[in-house]
Amino acid sequence: MQHYLQFSDLSADEYAYLFGRAALIKKKFKAYEKHHTLADRTLAMIFEKASTRTRVSFEAGMYQLGGSVVHLTTGDSQLGRAEPIEDSAKVISRMTDMVMIRTFEQTKIERFAAHSRVPVINGLTNEFHPCQVLADIFTFIEHRGSIAGKTVAWVGDGNNMANTWLQAADLLGFRVHVSTPSGYEIDQSVAGLRSADSYQVFADPLEACRGAHLVTTDVWTSMGYEAENEARRAAFASWCVDSHMMAAAAPDALFMHCLPAHRGEEVQAEVIDGPQSVVWDEAENRMHAQKALMEYLLLGRQA
C-alpha cells in the first residue's frame with residue numbers, strides 16, 4: 001500500500017508512468033470511451049478546507065473510473081474534534097478503498113495515513129499541494145514535452161505550491177526560479193531538500209522570469225491566512241505577473257495558475273486570458289492526472 005502525501009512520495013519512474021497513463025485516460029475521456037478500472041471501489045473525500053476544483057476533479061474522476069464517492073466536510077465528520085484522527089482513520093479506511101483529505105496541517109494527514117488501511121491522498125495542506133503540481137507538469141508535457149532541463153519561475157508566496165514545485169524540480173531534473181516578497185520566503189527544510197541545487201532565489205520577480213519556460217503563481221492569501229490579507233496585498237504589490245514578466249520569459253513560455261485567480265492582483269488579466277495561458281487545460285488536467293494516480297495507488301501499473 002502506498003500513500004500520496006507529498007510530491008516526493010513517488011519516484012521519477014513512477015511519475016513517468018503516471019504522465020503516460022494520464023494521457024491515455026484523457027484520450028479515452030475525449031473519445032467517450034469507458035474506462036471503469038475502479039468499478040465497485042469507493043473514495044472517501046474529507047474536506048476541512050473548501051474547494052471547487054479538488055472536489056469536482058476527484059468526484060467526477062472517480063465516477064468516470066466506475067467507482068463511487070463519499071463526501072465529508074468538517075460539519076458532518078468527527079475528524080480531529082470529538083474523535084481522535086487515528087480513530088477516524090481506522091473506521092473510514094475499513095469502509096472505503098481510498099481517502100482524499102484536504103486540510104490544514106500536514107501532520108493531520110500524516111497521522112490519518114499512519115492508521116489507515118487504504119491509500120491516502122493529499123488534496124491540499126498548508127505545506128504541500130502535490131495533486132496540483134502533478135497536473136501542472138502533465139499540462140506542461142502536453143504542450144511542450146519533457147520538463148527535464150527546463151526552468152519554472154515561481155512568482156509570489158513561498159507557500160504549499162512553492163514547496164511542492166521545489167520537490168518536483170529536485171526529483172524530475174528541472175530548475176525553479178523563486179521570487180517572493182521579504183518575509184514570505186520559501187523554507188527549504190519544509191520541502192525536505194538536502195541542497196539548493198535545483199532552485200535559485202531572486203529578489204526581483206522580473207529576473208526570476210527571465211528565460212523561464214513556465215511562469216506560475218498563486219493567490220497572495222491562501223486559505224487560513226485571511227487575517228493577513230491587507231498586509232499581504234501591500235507586500236506583494238510588485239509580484240503581479242504582468243506582460244513585462246512574460247516578455248522576459250522564453251518566447252514560448254507558458255503561464256499557469258492553480259486558481260481561483262484574482263485579476264489585477266497576482267496576475268494581470270491580459271496574461272491569464274492571453275495566448276500563453278494554459279490555466280483551463282491545467283484545471284481540467286487535475287481530473288485526468290488524479291484518475292491516473294488513484295488507479296495506480298489501488299491497482300498498480302496497468303498494461
# chains A, B, ... in the order shown; residues from 1 in each chain; ligands from 1
call {"tool": "select_by_dssp", "arguments": {"residues": "range 58-260 of chain A", "states": "strand (DSSP E or B)", "output": "MDAnalysis selection string"}}
result
chainID A and resid 68:73 79 83 98:102 120:124 151:155 175:179 199:201 214:217 241 254:257
call {"tool": "closest_atom_pairs", "arguments": {"of": "range 94-140 of chain A", "to": "range 46-61 of chain A", "cutoff": "12 Å", "atoms": "only C-alpha atoms", "output": "CSV"}}
result
residue,atom,partner,partner_atom,distance
A:Met98,CA,A:Ile46,CA,11.0
A:Val99,CA,A:Ile46,CA,7.5
A:Met100,CA,A:Ile46,CA,6.2
A:Ile101,CA,A:Ile46,CA,4.7
A:Arg102,CA,A:Phe47,CA,5.0
A:Thr103,CA,A:Glu48,CA,4.8
A:Phe104,CA,A:Lys49,CA,7.2
A:Glu105,CA,A:Glu48,CA,10.5
A:Lys108,CA,A:Glu48,CA,10.8
A:Ile109,CA,A:Ile46,CA,10.4
A:Phe112,CA,A:Ile46,CA,11.2
A:Val120,CA,A:Ile46,CA,10.6
A:Ile121,CA,A:Ile46,CA,10.3
A:Asn122,CA,A:Ile46,CA,10.2
A:Gly123,CA,A:Thr54,CA,6.7
A:Leu124,CA,A:Lys49,CA,8.4
A:Thr125,CA,A:Lys49,CA,8.8
A:Asn126,CA,A:Lys49,CA,10.2
A:His129,CA,A:Thr54,CA,10.7
A:Pro130,CA,A:Thr54,CA,11.8
A:Cys131,CA,A:Thr54,CA,8.9
A:Gln132,CA,A:Thr54,CA,9.0
A:Ala135,CA,A:Ser57,CA,11.0
call {"tool": "select_by_dssp", "arguments": {"residues": "range 137-195 of chain A", "states": "helix (DSSP H, G or I)", "output": "count of residues only"}}
result
25
call {"tool": "closest_residue", "arguments": {"among": "A:Glu230, A:Asp170, A:Glu185, A:Glu83", "to": "Ser198 in chain A", "atoms": "only C-alpha atoms"}}
result
A:Asp170
call {"tool": "closest_residue", "arguments": {"among": "A:Tyr225, A:Trp239, A:Tyr296, A:Trp165", "to": "Ser179 in chain A", "atoms": "only C-alpha atoms"}}
result
A:Trp239
call {"tool": "residues_around", "arguments": {"residues": "range 144-149 of chain A", "least_positions_apart": "6", "cutoff": "8 Å", "atoms": "only C-alpha atoms", "output": "PyMOL selection string"}}
result
chain A and resi 137+172-175
call {"tool": "atom_distance", "arguments": {"atom1": "CA of Glu14 in chain A", "atom2": "CA of Glu142 in chain A"}}
result
17.6 Å
call {"tool": "closest_residue", "arguments": {"among": "A:Phe128, A:Phe202, A:Phe19, A:Tyr63", "to": "His36 in chain A", "atoms": "only C-alpha atoms"}}
result
A:Tyr63
call {"tool": "closest_residue", "arguments": {"among": "A:Leu171, A:Val152, A:Ala191, A:Asp273", "to": "Leu214 in chain A", "atoms": "only C-alpha atoms"}}
result
A:Val152
call {"tool": "closest_residue", "arguments": {"among": "A:Ala169, A:Val178, A:Ala227, A:His213", "to": "Asp197 in chain A", "atoms": "only C-alpha atoms"}}
result
A:Ala169
call {"tool": "closest_residue", "arguments": {"among": "A:Asp281, A:Asp9, A:Glu266, A:Glu86", "to": "Thr221 in chain A", "atoms": "only C-alpha atoms"}}
result
A:Glu266
call {"tool": "residues_around", "arguments": {"residues": "Gly264 in chain A", "least_positions_apart": "5", "cutoff": "12 Å", "atoms": "only C-alpha atoms", "output": "list in words"}}
result
Val219, Trp220, Arg233, Phe236, Ala237, Ser238, Trp239, Cys240, Val241, Asp242, Ala269, Glu270, Val271, Ile272 and Asp273 of chain A
call {"tool": "write_last_selection", "arguments": {"atoms": "N, CA and C atoms", "output": "CSV table (one decimal), in the first residue's frame"}}
result
chain,number,residue,atom,x,y,z
A,219,VAL,N,-2.6,32.7,-5.5
A,219,VAL,CA,-3.2,33.9,-4.8
A,219,VAL,C,-2.2,34.3,-3.7
A,220,TRP,N,-2.3,35.6,-3.4
A,220,TRP,CA,-1.4,36.2,-2.4
A,220,TRP,C,-1.8,35.7,-1.0
A,233,ARG,N,-1.4,42.2,0.6
A,233,ARG,CA,-1.7,43.0,-0.6
A,233,ARG,C,-0.6,44.0,-0.8
A,236,PHE,N,2.9,42.3,-1.5
A,236,PHE,CA,3.0,41.6,-2.8
A,236,PHE,C,2.8,42.5,-4.0
A,237,ALA,N,2.6,43.8,-3.8
A,237,ALA,CA,2.2,44.6,-4.9
A,237,ALA,C,3.1,44.5,-6.2
A,238,SER,N,4.4,44.3,-6.0
A,238,SER,CA,5.3,44.2,-7.1
A,238,SER,C,5.4,42.8,-7.7
A,239,TRP,N,4.6,41.8,-7.1
A,239,TRP,CA,4.7,40.4,-7.6
A,239,TRP,C,3.5,40.0,-8.4
A,240,CYS,N,2.9,41.0,-9.1
A,240,CYS,CA,1.8,40.7,-10.0
A,240,CYS,C,2.4,40.2,-11.3
A,241,VAL,N,2.1,39.0,-11.8
A,241,VAL,CA,2.7,38.6,-13.1
A,241,VAL,C,2.0,39.4,-14.2
A,242,ASP,N,2.9,40.1,-14.9
A,242,ASP,CA,2.3,41.0,-16.0
A,242,ASP,C,3.0,40.7,-17.3
A,269,ALA,N,-5.0,40.5,-16.1
A,269,ALA,CA,-6.0,39.9,-17.0
A,269,ALA,C,-5.4,39.5,-18.3
A,270,GLU,N,-4.6,40.4,-18.9
A,270,GLU,CA,-4.0,40.1,-20.2
A,270,GLU,C,-3.1,38.9,-20.2
A,271,VAL,N,-2.6,38.5,-19.1
A,271,VAL,CA,-1.7,37.4,-19.0
A,271,VAL,C,-2.5,36.1,-18.9
A,272,ILE,N,-3.4,36.1,-17.8
A,272,ILE,CA,-4.2,34.8,-17.6
A,272,ILE,C,-5.2,34.6,-18.7
A,273,ASP,N,-5.6,35.6,-19.4
A,273,ASP,CA,-6.6,35.4,-20.5
A,273,ASP,C,-5.9,35.5,-21.9
call {"tool": "atom_distance", "arguments": {"atom1": "CA of Arg301 in chain A", "atom2": "CA of Lys26 in chain A"}}
result
16.7 Å
call {"tool": "atom_distance", "arguments": {"atom1": "CA of Glu284 in chain A", "atom2": "CA of Phe138 in chain A"}}
result
10.9 Å
call {"tool": "decode", "arguments": {"residues": "range 32-48 of chain A", "atoms": "C-alpha atoms", "output": "PDB file, in the first residue's frame"}}
result
ATOM      1  CA  TYR A  32     -16.255   8.988 -24.865  1.00  0.00           C
ATOM      2  CA  GLU A  33     -14.704   5.580 -24.205  1.00  0.00           C
ATOM      3  CA  LYS A  34     -15.464   3.956 -20.866  1.00  0.00           C
ATOM      4  CA  HIS A  35     -12.528   3.390 -18.529  1.00  0.00           C
ATOM      5  CA  HIS A  36     -14.002   1.652 -15.488  1.00  0.00           C
ATOM      6  CA  THR A  37     -10.870   0.274 -13.867  1.00  0.00           C
ATOM      7  CA  LEU A  38     -12.094   1.178 -10.374  1.00  0.00           C
ATOM      8  CA  ALA A  39     -15.583  -0.328 -10.602  1.00  0.00           C
ATOM      9  CA  ASP A  40     -17.071  -1.066  -7.166  1.00  0.00           C
ATOM     10  CA  ARG A  41     -14.338   0.952  -5.409  1.00  0.00           C
ATOM     11  CA  THR A  42     -15.228   3.840  -3.090  1.00  0.00           C
ATOM     12  CA  LEU A  43     -13.317   7.066  -2.496  1.00  0.00           C
ATOM     13  CA  ALA A  44     -13.906   8.993   0.737  1.00  0.00           C
ATOM     14  CA  MET A  45     -13.288  12.734   0.345  1.00  0.00           C
ATOM     15  CA  ILE A  46     -12.738  14.687   3.555  1.00  0.00           C
ATOM     16  CA  PHE A  47     -12.788  18.493   3.309  1.00  0.00           C
ATOM     17  CA  GLU A  48     -11.687  20.726   6.164  1.00  0.00           C
TER      18      GLU A  48
END
